[in-house]
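Here is the file model-v7.txt (compact mmCIF, C-alpha atoms and all ligand atoms).
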```
# COMPACT_ATOMS: atom_id res chain seq x y z
CA MET T 1 94.02 -32.87 -61.51
CA ASN T 2 91.13 -31.91 -59.32
CA ASN T 3 88.55 -34.10 -61.00
CA PHE T 4 90.74 -37.18 -61.24
CA CYS T 5 89.76 -40.58 -59.87
CA SER T 6 92.06 -43.57 -60.18
CA ALA T 7 89.37 -46.23 -59.62
CA PRO T 8 88.92 -47.04 -63.36
CA PHE T 9 92.71 -47.61 -63.61
CA ARG T 10 93.41 -49.33 -60.28
CA GLY T 11 90.10 -50.36 -58.72
CA PHE T 12 88.14 -53.58 -59.05
CA TYR T 13 84.66 -54.04 -57.67
CA GLN T 14 82.52 -57.13 -57.75
CA GLY T 15 79.02 -56.74 -56.44
CA LEU T 16 75.51 -58.14 -56.70
CA ASP T 17 75.09 -60.96 -59.20
CA GLY T 18 78.89 -61.07 -59.61
CA LYS T 19 78.89 -58.08 -61.99
CA ILE T 20 82.12 -56.10 -62.36
CA SER T 21 82.82 -52.42 -61.85
CA VAL T 22 85.66 -50.17 -60.72
CA CYS T 23 84.29 -48.99 -57.36
CA CYS T 24 81.36 -49.50 -54.99
CA GLN T 25 79.45 -46.59 -56.62
CA THR T 26 79.18 -48.83 -59.72
CA PRO T 27 79.29 -46.08 -62.38
CA VAL T 28 79.21 -48.95 -64.91
CA LEU T 29 78.41 -52.65 -64.49
CA ILE T 30 79.93 -55.33 -66.70
CA ASP T 31 78.47 -58.82 -66.88
CA ASN T 32 81.51 -60.90 -67.82
CA ASN T 33 83.18 -63.39 -65.52
CA ASN T 34 86.41 -63.10 -67.48
CA TYR T 35 87.66 -60.24 -65.31
CA GLU T 36 90.59 -59.29 -67.58
CA GLU T 37 88.14 -58.82 -70.46
CA ALA T 38 85.63 -57.00 -68.26
CA LEU T 39 88.30 -54.50 -67.19
CA GLN T 40 89.01 -53.68 -70.86
CA ASP T 41 85.33 -53.13 -71.63
CA GLU T 42 84.67 -49.94 -73.63
CA LYS T 43 82.50 -48.55 -70.82
CA ILE T 44 85.45 -48.68 -68.40
CA LYS T 45 87.87 -47.36 -71.04
CA ASN T 46 85.54 -44.38 -71.51
CA LEU T 47 85.73 -43.59 -67.79
CA ARG T 48 89.54 -43.65 -68.09
CA LYS T 49 89.51 -41.39 -71.15
CA LYS T 50 87.37 -38.80 -69.37
CA PHE T 51 89.48 -38.77 -66.22
CA LEU T 52 92.68 -38.41 -68.26
CA LYS T 53 91.11 -35.26 -69.76
CA ASN T 54 90.36 -34.04 -66.20
CA GLU T 55 86.65 -34.44 -66.82
CA ILE T 56 84.18 -36.21 -64.54
CA PRO T 57 82.35 -38.87 -66.57
CA VAL T 58 78.58 -38.55 -66.60
CA GLU T 59 78.36 -42.04 -65.08
CA CYS T 60 80.16 -40.71 -61.98
CA LYS T 61 77.76 -37.84 -61.35
CA ILE T 62 76.19 -39.82 -58.48
CA CYS T 63 79.54 -39.87 -56.70
CA THR T 64 80.73 -37.26 -54.19
CA LYS T 65 84.11 -35.54 -54.07
CA ARG T 66 84.73 -37.20 -50.69
CA VAL T 67 84.18 -40.73 -52.11
CA ARG T 68 86.25 -39.89 -55.21
CA ASN T 69 89.16 -38.69 -53.06
CA GLU T 70 88.92 -41.60 -50.62
CA THR T 71 88.79 -44.12 -53.47
CA THR T 72 91.77 -42.51 -55.19
CA LYS T 73 93.72 -42.75 -51.93
CA LEU T 74 92.85 -46.45 -51.61
CA CYS T 75 94.05 -46.99 -55.19
CA GLU T 76 97.43 -45.30 -54.63
CA SER T 77 100.30 -47.39 -55.95
CA ASP T 78 103.93 -47.10 -56.99
CA ASN T 79 102.82 -46.95 -60.61
CA GLU T 80 101.03 -43.64 -61.21
CA ASN T 81 101.42 -43.82 -64.98
CA PHE T 82 97.77 -44.05 -66.04
CA LYS T 83 96.85 -45.32 -69.52
CA VAL T 84 93.49 -45.79 -71.24
CA ASP T 85 94.22 -49.42 -72.14
CA GLU T 86 95.85 -50.49 -68.92
CA HIS T 87 94.30 -51.72 -65.70
CA VAL T 88 96.54 -52.56 -62.75
CA PRO T 89 94.57 -54.04 -59.83
CA VAL T 90 95.50 -52.25 -56.58
CA PHE T 91 92.31 -52.02 -54.53
CA LEU T 92 89.67 -54.76 -54.64
CA ASP T 93 86.23 -54.19 -53.18
CA LEU T 94 84.24 -57.42 -53.14
CA LEU T 95 80.79 -58.50 -52.09
CA TRP T 96 82.03 -62.02 -51.69
CA SER T 97 78.54 -63.55 -51.85
CA ASN T 98 75.10 -63.00 -50.32
CA LYS T 99 75.37 -65.96 -47.94
CA CYS T 100 74.38 -64.60 -44.56
CA ASN T 101 72.89 -65.83 -41.28
CA PHE T 102 71.22 -62.48 -40.37
CA SER T 103 68.08 -60.79 -41.70
CA CYS T 104 68.56 -57.15 -40.77
CA MET T 105 65.83 -54.56 -41.26
CA GLY T 106 66.63 -52.61 -44.43
CA CYS T 107 68.55 -55.46 -46.06
CA ASN T 108 67.21 -57.50 -48.98
CA PRO T 109 67.57 -61.04 -50.35
CA ARG T 110 70.16 -59.99 -52.96
CA ILE T 111 72.50 -59.03 -50.13
CA SER T 112 71.49 -61.60 -47.52
CA SER T 113 70.35 -65.10 -48.44
CA SER T 114 68.50 -65.24 -45.08
CA MET T 115 66.24 -62.38 -46.16
CA LEU T 116 64.54 -64.53 -48.78
CA LYS T 117 61.98 -65.82 -46.30
CA TYR T 118 61.05 -62.19 -45.49
CA LYS T 119 60.76 -61.11 -49.12
CA SER T 120 57.07 -60.19 -48.74
CA ALA T 121 58.04 -57.66 -46.03
CA VAL T 122 61.02 -56.36 -48.07
CA ASP T 123 58.76 -55.82 -51.09
CA LEU T 124 56.46 -53.69 -48.95
CA VAL T 125 59.16 -51.37 -47.66
CA ASP T 126 61.49 -51.19 -50.66
CA PRO T 127 59.82 -49.74 -53.77
CA TYR T 128 62.65 -51.00 -55.99
CA ASN T 129 63.13 -54.54 -54.73
CA THR T 130 62.81 -56.33 -58.05
CA LEU T 131 61.07 -59.59 -58.65
CA ASP T 132 63.56 -60.74 -61.27
CA ALA T 133 66.63 -60.15 -59.08
CA ASN T 134 69.13 -62.95 -58.73
CA TYR T 135 68.81 -64.07 -55.13
CA SER T 136 71.35 -66.87 -55.35
CA TRP T 137 74.62 -65.72 -56.85
CA ASP T 138 76.98 -67.51 -54.48
CA SER T 139 78.79 -70.15 -56.51
CA SER T 140 81.99 -71.91 -55.58
CA GLU T 141 83.09 -71.71 -59.24
CA GLU T 142 82.83 -67.92 -59.13
CA GLN T 143 84.70 -67.80 -55.83
CA GLN T 144 87.57 -69.83 -57.34
CA ASN T 145 87.60 -67.53 -60.38
CA ARG T 146 88.02 -64.58 -58.02
CA ILE T 147 90.78 -66.28 -56.04
CA ASP T 148 92.66 -67.07 -59.28
CA PHE T 149 92.41 -63.41 -60.36
CA ILE T 150 93.70 -62.22 -56.98
CA LEU T 151 96.63 -64.66 -56.99
CA LYS T 152 97.56 -63.62 -60.53
CA HIS T 153 97.75 -59.97 -59.43
CA LYS T 154 99.06 -60.49 -55.91
CA ASP T 155 102.16 -58.37 -56.61
CA THR T 156 100.19 -55.21 -57.42
CA ILE T 157 97.16 -55.60 -55.12
CA LYS T 158 97.60 -53.54 -51.95
CA SER T 159 94.31 -54.13 -50.19
CA ILE T 160 91.12 -56.15 -50.38
CA HIS T 161 87.86 -55.02 -48.84
CA LEU T 162 85.20 -57.65 -48.22
CA ASN T 163 81.55 -57.20 -47.69
CA GLY T 164 78.65 -59.60 -47.92
CA GLY T 165 76.51 -61.32 -46.97
CA GLU T 166 78.54 -62.34 -43.99
CA PRO T 167 82.14 -62.73 -45.20
CA LEU T 168 83.20 -64.76 -42.16
CA MET T 169 80.82 -67.59 -43.04
CA GLN T 170 81.99 -67.89 -46.64
CA GLU T 171 84.35 -70.72 -47.32
CA GLY T 172 85.92 -68.90 -50.26
CA PHE T 173 87.17 -66.13 -47.97
CA TYR T 174 89.02 -68.68 -45.82
CA ASP T 175 90.38 -70.33 -48.98
CA LEU T 176 91.59 -66.96 -50.24
CA LEU T 177 93.45 -66.16 -47.00
CA GLU T 178 95.06 -69.62 -46.99
CA GLN T 179 96.20 -69.17 -50.59
CA LEU T 180 97.61 -65.70 -49.92
CA ILE T 181 99.52 -67.09 -46.93
CA LYS T 182 100.79 -70.02 -49.04
CA TYR T 183 102.10 -67.65 -51.73
CA ASN T 184 103.67 -65.18 -49.26
CA ALA T 185 101.25 -62.41 -50.09
CA THR T 186 100.49 -61.46 -46.50
CA ASN T 187 101.55 -57.88 -47.25
CA ILE T 188 98.11 -57.39 -48.86
CA GLY T 189 95.85 -55.52 -46.44
CA ILE T 190 92.64 -57.38 -45.56
CA TRP T 191 89.63 -55.41 -44.47
CA SER T 192 86.36 -57.21 -43.80
CA HIS T 193 82.94 -56.41 -42.45
CA THR T 194 81.16 -58.81 -40.13
CA ASN T 195 77.87 -59.02 -38.27
CA GLY T 196 79.83 -60.26 -35.24
CA SER T 197 78.21 -63.68 -34.97
CA ILE T 198 81.12 -65.80 -36.20
CA THR T 199 84.85 -66.19 -35.74
CA THR T 200 85.21 -69.83 -36.76
CA TYR T 201 83.68 -71.61 -39.74
CA LYS T 202 83.93 -75.29 -40.67
CA LYS T 203 86.66 -75.79 -38.07
CA LYS T 204 88.72 -72.88 -39.43
CA ASP T 205 89.50 -69.96 -37.14
CA ILE T 206 89.51 -66.62 -38.94
CA LEU T 207 91.69 -65.05 -36.26
CA GLN T 208 94.52 -67.51 -36.81
CA LEU T 209 94.47 -66.65 -40.52
CA LEU T 210 94.10 -62.88 -40.14
CA LYS T 211 96.97 -62.71 -37.64
CA LYS T 212 99.38 -63.76 -40.38
CA PHE T 213 98.69 -60.58 -42.39
CA ASP T 214 100.71 -57.39 -41.86
CA LYS T 215 97.56 -55.27 -41.96
CA CYS T 216 94.02 -56.36 -41.30
CA LYS T 217 90.91 -54.73 -39.97
CA ILE T 218 87.52 -56.06 -38.97
CA ILE T 219 84.50 -53.78 -39.04
CA MET T 220 81.76 -55.02 -36.75
CA SER T 221 78.23 -53.77 -37.41
CA HIS T 222 76.08 -52.92 -34.42
CA ASP T 223 72.90 -50.85 -34.72
CA GLY T 224 71.36 -50.96 -31.28
CA ILE T 225 71.66 -52.46 -27.83
CA GLY T 226 69.63 -55.18 -26.11
CA ASN T 227 66.32 -56.32 -27.58
CA LYS T 228 66.12 -53.24 -29.87
CA GLY T 229 69.43 -54.12 -31.52
CA GLU T 230 68.37 -57.74 -31.81
CA TYR T 231 65.07 -56.68 -33.45
CA VAL T 232 66.85 -54.56 -36.10
CA ARG T 233 69.70 -56.97 -36.79
CA PHE T 234 67.60 -60.13 -36.65
CA GLY T 235 69.90 -63.02 -35.78
CA LEU T 236 72.07 -60.95 -33.46
CA LYS T 237 72.80 -62.17 -29.94
CA GLN T 238 74.39 -59.28 -28.13
CA GLY T 239 76.40 -61.56 -25.79
CA VAL T 240 77.91 -63.45 -28.75
CA TRP T 241 78.74 -60.19 -30.54
CA LEU T 242 80.54 -58.83 -27.48
CA LYS T 243 82.39 -62.11 -26.91
CA ASN T 244 83.61 -62.05 -30.53
CA TYR T 245 84.58 -58.38 -30.29
CA ASN T 246 86.71 -59.22 -27.25
CA ARG T 247 88.27 -62.19 -29.08
CA PHE T 248 89.47 -59.94 -31.90
CA ILE T 249 90.81 -57.38 -29.42
CA SER T 250 92.63 -59.98 -27.34
CA GLU T 251 94.39 -61.24 -30.50
CA ASN T 252 95.47 -57.67 -31.38
CA ILE T 253 93.35 -57.51 -34.51
CA GLN T 254 92.26 -53.98 -35.35
CA VAL T 255 88.51 -53.65 -34.87
CA ASP T 256 86.24 -50.82 -35.89
CA VAL T 257 82.56 -50.66 -34.97
CA GLN T 258 80.03 -49.27 -37.42
CA VAL T 259 76.64 -48.00 -36.32
CA CYS T 260 74.05 -47.24 -39.00
CA TYR T 261 71.93 -44.32 -37.87
CA ASN T 262 68.29 -45.14 -38.66
CA VAL T 263 64.71 -44.58 -37.55
CA PHE T 264 64.92 -47.42 -35.04
CA ASN T 265 67.94 -46.13 -33.15
CA CYS T 266 67.85 -42.33 -33.57
CA LEU T 267 66.14 -41.88 -30.19
CA GLN T 268 68.53 -44.34 -28.54
CA LEU T 269 71.84 -42.69 -29.36
CA GLU T 270 72.66 -41.63 -25.80
CA LYS T 271 72.04 -45.09 -24.32
CA MET T 272 74.01 -46.67 -27.15
CA ALA T 273 76.96 -44.31 -26.59
CA ASP T 274 76.89 -45.21 -22.84
CA TRP T 275 76.99 -48.91 -23.70
CA TYR T 276 79.82 -48.51 -26.22
CA GLU T 277 81.88 -46.46 -23.77
CA GLU T 278 81.36 -49.08 -21.10
CA ASN T 279 82.03 -52.15 -23.24
CA LEU T 280 84.32 -51.18 -26.14
CA ASN T 281 87.68 -49.53 -26.48
CA VAL T 282 86.83 -47.84 -29.79
CA LYS T 283 84.56 -44.92 -30.57
CA PRO T 284 82.08 -46.26 -33.17
CA ASN T 285 81.73 -44.71 -36.59
CA LEU T 286 78.24 -43.36 -37.26
CA SER T 287 77.22 -44.12 -40.81
CA LEU T 288 74.17 -43.27 -42.76
CA TRP T 289 71.22 -45.49 -43.51
CA ASN T 290 69.20 -43.87 -46.26
CA TRP T 291 67.57 -46.87 -47.92
CA PRO T 292 64.79 -47.93 -47.84
CA PRO T 293 63.59 -44.40 -47.06
CA ALA T 294 60.86 -45.55 -44.67
CA TYR T 295 63.56 -46.98 -42.35
CA SER T 296 65.92 -44.00 -42.65
CA ALA T 297 66.04 -41.67 -39.64
CA GLN T 298 64.55 -38.90 -41.79
CA TYR T 299 61.22 -40.73 -41.66
CA ILE T 300 60.95 -39.60 -38.01
CA LYS T 301 60.04 -36.19 -39.48
CA LYS T 302 56.54 -37.59 -39.73
CA ASN T 303 56.17 -36.53 -36.11
CA LYS T 304 57.58 -33.08 -35.30
CA LYS T 305 58.02 -33.77 -31.60
CA LEU T 306 59.94 -37.01 -32.20
CA TYR T 307 62.12 -35.30 -34.85
CA GLU T 308 63.03 -32.49 -32.43
CA GLU T 309 63.83 -35.05 -29.76
CA ALA T 310 66.06 -37.00 -32.17
CA MET T 311 67.90 -33.80 -33.21
CA LEU T 312 68.49 -32.78 -29.60
CA ILE T 313 69.96 -36.21 -28.82
CA LEU T 314 72.07 -36.07 -32.01
CA ASP T 315 73.35 -32.55 -31.23
CA THR T 316 74.26 -33.58 -27.68
CA HIS T 317 75.54 -37.13 -28.11
CA GLY T 318 76.52 -37.35 -31.81
CA LYS T 319 80.06 -36.34 -30.90
CA ARG T 320 80.43 -39.57 -28.92
CA PHE T 321 80.63 -41.23 -32.37
CA ARG T 322 83.01 -40.62 -35.26
CA LYS T 323 81.81 -38.92 -38.46
CA TYR T 324 78.55 -37.76 -36.84
CA GLU T 325 78.70 -34.41 -38.71
CA TYR T 326 77.44 -36.07 -41.93
CA ILE T 327 74.43 -37.37 -40.03
CA ILE T 328 73.50 -33.91 -38.74
CA ASP T 329 73.65 -32.57 -42.32
CA PHE T 330 71.53 -35.47 -43.55
CA MET T 331 68.89 -34.98 -40.87
CA LYS T 332 68.58 -31.28 -41.72
CA GLN T 333 67.91 -32.02 -45.38
CA PRO T 334 64.27 -32.33 -46.50
CA PHE T 335 62.73 -35.81 -46.71
CA GLU T 336 62.37 -36.33 -50.46
CA TYR T 337 59.69 -39.00 -50.40
CA ASP T 338 55.94 -38.89 -50.05
CA MET T 339 55.35 -39.09 -46.29
CA GLU T 340 51.98 -40.80 -46.60
CA GLU T 341 53.40 -43.49 -48.86
CA MET T 342 56.36 -44.02 -46.48
CA HIS T 343 53.98 -44.22 -43.52
CA TRP T 344 52.11 -46.95 -45.33
CA ARG T 345 55.33 -48.77 -46.33
CA PHE T 346 56.74 -48.52 -42.80
CA SER T 347 53.61 -49.79 -41.06
CA GLU T 348 52.76 -52.58 -43.50
CA SER T 349 56.30 -53.93 -43.73
CA ILE T 350 56.82 -53.85 -39.97
CA SER T 351 53.54 -55.66 -39.48
CA GLU T 352 54.60 -58.29 -42.03
CA PHE T 353 58.04 -58.74 -40.40
CA ASP T 354 56.33 -59.14 -37.02
CA ARG T 355 53.91 -61.68 -38.45
CA ILE T 356 56.59 -63.88 -40.03
CA ARG T 357 59.24 -63.49 -37.33
CA GLU T 358 56.82 -63.47 -34.39
CA THR T 359 58.36 -60.24 -33.11
CA ASP T 360 56.49 -57.31 -31.57
CA PHE T 361 57.45 -53.86 -32.84
CA LEU T 362 55.35 -51.85 -30.38
CA LYS T 363 56.58 -53.84 -27.40
CA THR T 364 60.20 -53.34 -28.55
CA PHE T 365 59.90 -49.69 -29.67
CA PRO T 366 57.02 -48.11 -27.70
CA GLU T 367 58.67 -44.68 -28.22
CA LEU T 368 58.02 -44.97 -32.01
CA GLU T 369 54.28 -45.69 -31.72
CA GLU T 370 53.39 -42.41 -33.47
CA LEU T 371 55.16 -43.58 -36.64
CA TYR T 372 53.20 -46.82 -36.89
CA TYR T 373 49.63 -47.03 -38.33
S1 LIG T 401 84.42 -40.82 -59.37
FE1 LIG T 401 83.29 -42.06 -57.86
S2 LIG T 401 81.89 -43.31 -59.13
FE2 LIG T 401 83.48 -42.52 -60.51
S3 LIG T 401 85.02 -44.13 -60.59
FE3 LIG T 401 85.64 -42.67 -58.98
S4 LIG T 401 84.81 -43.47 -57.02
FE4 LIG T 401 83.77 -44.50 -58.73
```

What do you get writing this file as structure tokens?
Amino acid sequence: MNNFCSAPFRGFYQGLDGKISVCCQTPVLIDNNNYEEALQDEKIKNLRKKFLKNEIPVECKICTKRVRNETTKLCESDNENFKVDEHVPVFLDLLWSNKCNFSCMGCNPRISSSMLKYKSAVDLVDPYNTLDANYSWDSSEEQQNRIDFILKHKDTIKSIHLNGGEPLMQEGFYDLLEQLIKYNATNIGIWSHTNGSITTYKKKDILQLLKKFDKCKIIMSHDGIGNKGEYVRFGLKQGVWLKNYNRFISENIQVDVQVCYNVFNCLQLEKMADWYEENLNVKPNLSLWNWPPAYSAQYIKKNKKLYEEAMLILDTHGKRFRKYEYIIDFMKQPFEYDMEEMHWRFSESISEFDRIRETDFLKTFPELEELYY
């Protein structure tokens, strides 16, 4: 069945505000912290009905075939007997909470608790950052609820993907790993993102826990080198990041590095690739940063010369990263937003970030002067 997706039958996603869905594309969102009930909600049953008829539900129109296929692969299990009324948890994708020690450009307070003090700058750059959003949805009660659900279904769950916030500074994540170890469920694959600042938390060492699992992978984010990287991922100390990367490697934990291609680093790709080749033993994955639009690399189209320079660098050095082809396609697509408005949003938000953080954009990125005011 070409149009089939198994996420509504086998996937479980918990995202912002603790709402429930079946995948990270959130075709539907259910506000019910009784997860068993949430997974039998009519909206999710309707997704199942459509897929069983080989139809793509209207709610999934935002999704791509690539994501649908990748999600279906992640949800593969021994039980491929799909029923409208049955949900068997196989793949869990969790934003554990928004507790985070970084305030990266492009993030917002719903995803990082540290961004709350920069909300005035976020509101300037992100046209949809809502005032009524829940900026504090990290509760230990909710974390225990999630752990109970996972333990109940430990025999069918094959992998758990964690995002944040910063998962490695969330006590509940350590509790979960300890519980899975206690109940001999270390066959469950653990896959977590990290900003690279932490490997121990409250005297617990994440490496000692992860090592007990048959399969685990850490994805370390890194969006630029030196002071440019530290400007974009505010809170980053490059030396600490590299030390932690080497710790994971020396303990034989699989590490992937993810670089988000954006307006701040699109002219730096060659230097970044040099640094990664010199310091890492993995080729980083180049992923796309398309929100907020004023920080996406497409905004560089404001200046033709800078755009051509960025494309030349991407054509020449993109191949030193994995999955760079998607980025080339993205950069060739038209910028769908009003350039004047984005210019205003870019300049005003950067100026506000600089004011609150006492940073200096022009001193850090003199090559981007033409995009600013
Ligand atoms: S088709 Fe896409 S949006 Fe729909 S359930 Fe599958 S992965 Fe999610």

Step by step, measure atom-to-atom distances between ligand LIG 401 (chain T) and each residue using all atoms listed in the file, keep those at most 10 Å, then write them as a PDB file with C-alpha atoms, in the frame of the given file.
```pdb
ATOM      1  CA  ASN T   3      88.550 -34.100 -61.000  1.00  0.00           C
ATOM      2  CA  PHE T   4      90.740 -37.180 -61.240  1.00  0.00           C
ATOM      3  CA  CYS T   5      89.760 -40.580 -59.870  1.00  0.00           C
ATOM      4  CA  SER T   6      92.060 -43.570 -60.180  1.00  0.00           C
ATOM      5  CA  ALA T   7      89.370 -46.230 -59.620  1.00  0.00           C
ATOM      6  CA  PRO T   8      88.920 -47.040 -63.360  1.00  0.00           C
ATOM      7  CA  PHE T   9      92.710 -47.610 -63.610  1.00  0.00           C
ATOM      8  CA  ARG T  10      93.410 -49.330 -60.280  1.00  0.00           C
ATOM      9  CA  GLY T  11      90.100 -50.360 -58.720  1.00  0.00           C
ATOM     10  CA  TYR T  13      84.660 -54.040 -57.670  1.00  0.00           C
ATOM     11  CA  SER T  21      82.820 -52.420 -61.850  1.00  0.00           C
ATOM     12  CA  VAL T  22      85.660 -50.170 -60.720  1.00  0.00           C
ATOM     13  CA  CYS T  23      84.290 -48.990 -57.360  1.00  0.00           C
ATOM     14  CA  CYS T  24      81.360 -49.500 -54.990  1.00  0.00           C
ATOM     15  CA  GLN T  25      79.450 -46.590 -56.620  1.00  0.00           C
ATOM     16  CA  THR T  26      79.180 -48.830 -59.720  1.00  0.00           C
ATOM     17  CA  PRO T  27      79.290 -46.080 -62.380  1.00  0.00           C
ATOM     18  CA  VAL T  28      79.210 -48.950 -64.910  1.00  0.00           C
ATOM     19  CA  ILE T  44      85.450 -48.680 -68.400  1.00  0.00           C
ATOM     20  CA  LEU T  47      85.730 -43.590 -67.790  1.00  0.00           C
ATOM     21  CA  ARG T  48      89.540 -43.650 -68.090  1.00  0.00           C
ATOM     22  CA  PHE T  51      89.480 -38.770 -66.220  1.00  0.00           C
ATOM     23  CA  ILE T  56      84.180 -36.210 -64.540  1.00  0.00           C
ATOM     24  CA  PRO T  57      82.350 -38.870 -66.570  1.00  0.00           C
ATOM     25  CA  VAL T  58      78.580 -38.550 -66.600  1.00  0.00           C
ATOM     26  CA  GLU T  59      78.360 -42.040 -65.080  1.00  0.00           C
ATOM     27  CA  CYS T  60      80.160 -40.710 -61.980  1.00  0.00           C
ATOM     28  CA  LYS T  61      77.760 -37.840 -61.350  1.00  0.00           C
ATOM     29  CA  ILE T  62      76.190 -39.820 -58.480  1.00  0.00           C
ATOM     30  CA  CYS T  63      79.540 -39.870 -56.700  1.00  0.00           C
ATOM     31  CA  THR T  64      80.730 -37.260 -54.190  1.00  0.00           C
ATOM     32  CA  LYS T  65      84.110 -35.540 -54.070  1.00  0.00           C
ATOM     33  CA  ARG T  66      84.730 -37.200 -50.690  1.00  0.00           C
ATOM     34  CA  VAL T  67      84.180 -40.730 -52.110  1.00  0.00           C
ATOM     35  CA  ARG T  68      86.250 -39.890 -55.210  1.00  0.00           C
ATOM     36  CA  ASN T  69      89.160 -38.690 -53.060  1.00  0.00           C
ATOM     37  CA  GLU T  70      88.920 -41.600 -50.620  1.00  0.00           C
ATOM     38  CA  THR T  71      88.790 -44.120 -53.470  1.00  0.00           C
ATOM     39  CA  THR T  72      91.770 -42.510 -55.190  1.00  0.00           C
TER      40      THR T  72
END
```

**Prompt:** Neighbours of Phe248 in chain T within 10 Å (all atoms listed in the file; same-chain residues fewer than 2 positions away dropped), as JSON, numbers by chain?
**Reply:** {"T": [199, 206, 207, 210, 211, 217, 218, 243, 244, 245, 246, 250, 251, 252, 253, 254, 255]}

**For CA of Lys332 in chain T and CA of Ala121 in chain T, the interatomic separation in Å (one decimal)** = 28.7 Å

**Prompt:** Expressed in Å to a single decimal, how great is the separation between CA of Met105 in chain T and CA of Tyr276 in chain T?
**Reply:**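 Answer for the CA of Met105 in chain T to CA of Tyr276 in chain T separation: 21.4 Å.
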
**Prompt:** Of the residues T:Asp85, T:Glu171, T:Asp338, T:Glu141, which is the one nearest to Asp41 in chain T, using all atoms listed in the file?
**Reply:**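 That would be T:Asp85, the residue with the smallest distance to Asp41 in chain T.
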
**Complete:** Atom pair CA of Cys75 in chain T + CA of Pro89 in chain T, distance 8.5 Å

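Counting all atoms listed in the file and comparing T:Glu37, T:Ser287, T:Asp329, T:Pro366, the residue that lies closest to Phe264 in chain T is T:Pro366.
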
**Asked** Taking all atoms listed in the file into account, which of T:Asn79, T:Asn290, T:Asn32, T:Ser351 comes nearest Gln333 in chain T?
**Response**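 Using all atoms listed in the file, the shortest distance to Gln333 in chain T belongs to T:Asn290.
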
**Complete:** Closest of T:Thr200, T:Asn2, T:Asn163, T:Thr194 to Leu236 in chain T, counting all atoms listed in the file, is T:Thr194

**Message:** Please determine, counting all atoms listed in the file, which residue among T:Ser349, T:Asn265, T:Gln238, T:Thr156 has the shortest atom-to-atom distance to Asp78 in chain T.
**Reply:** T:Thr156
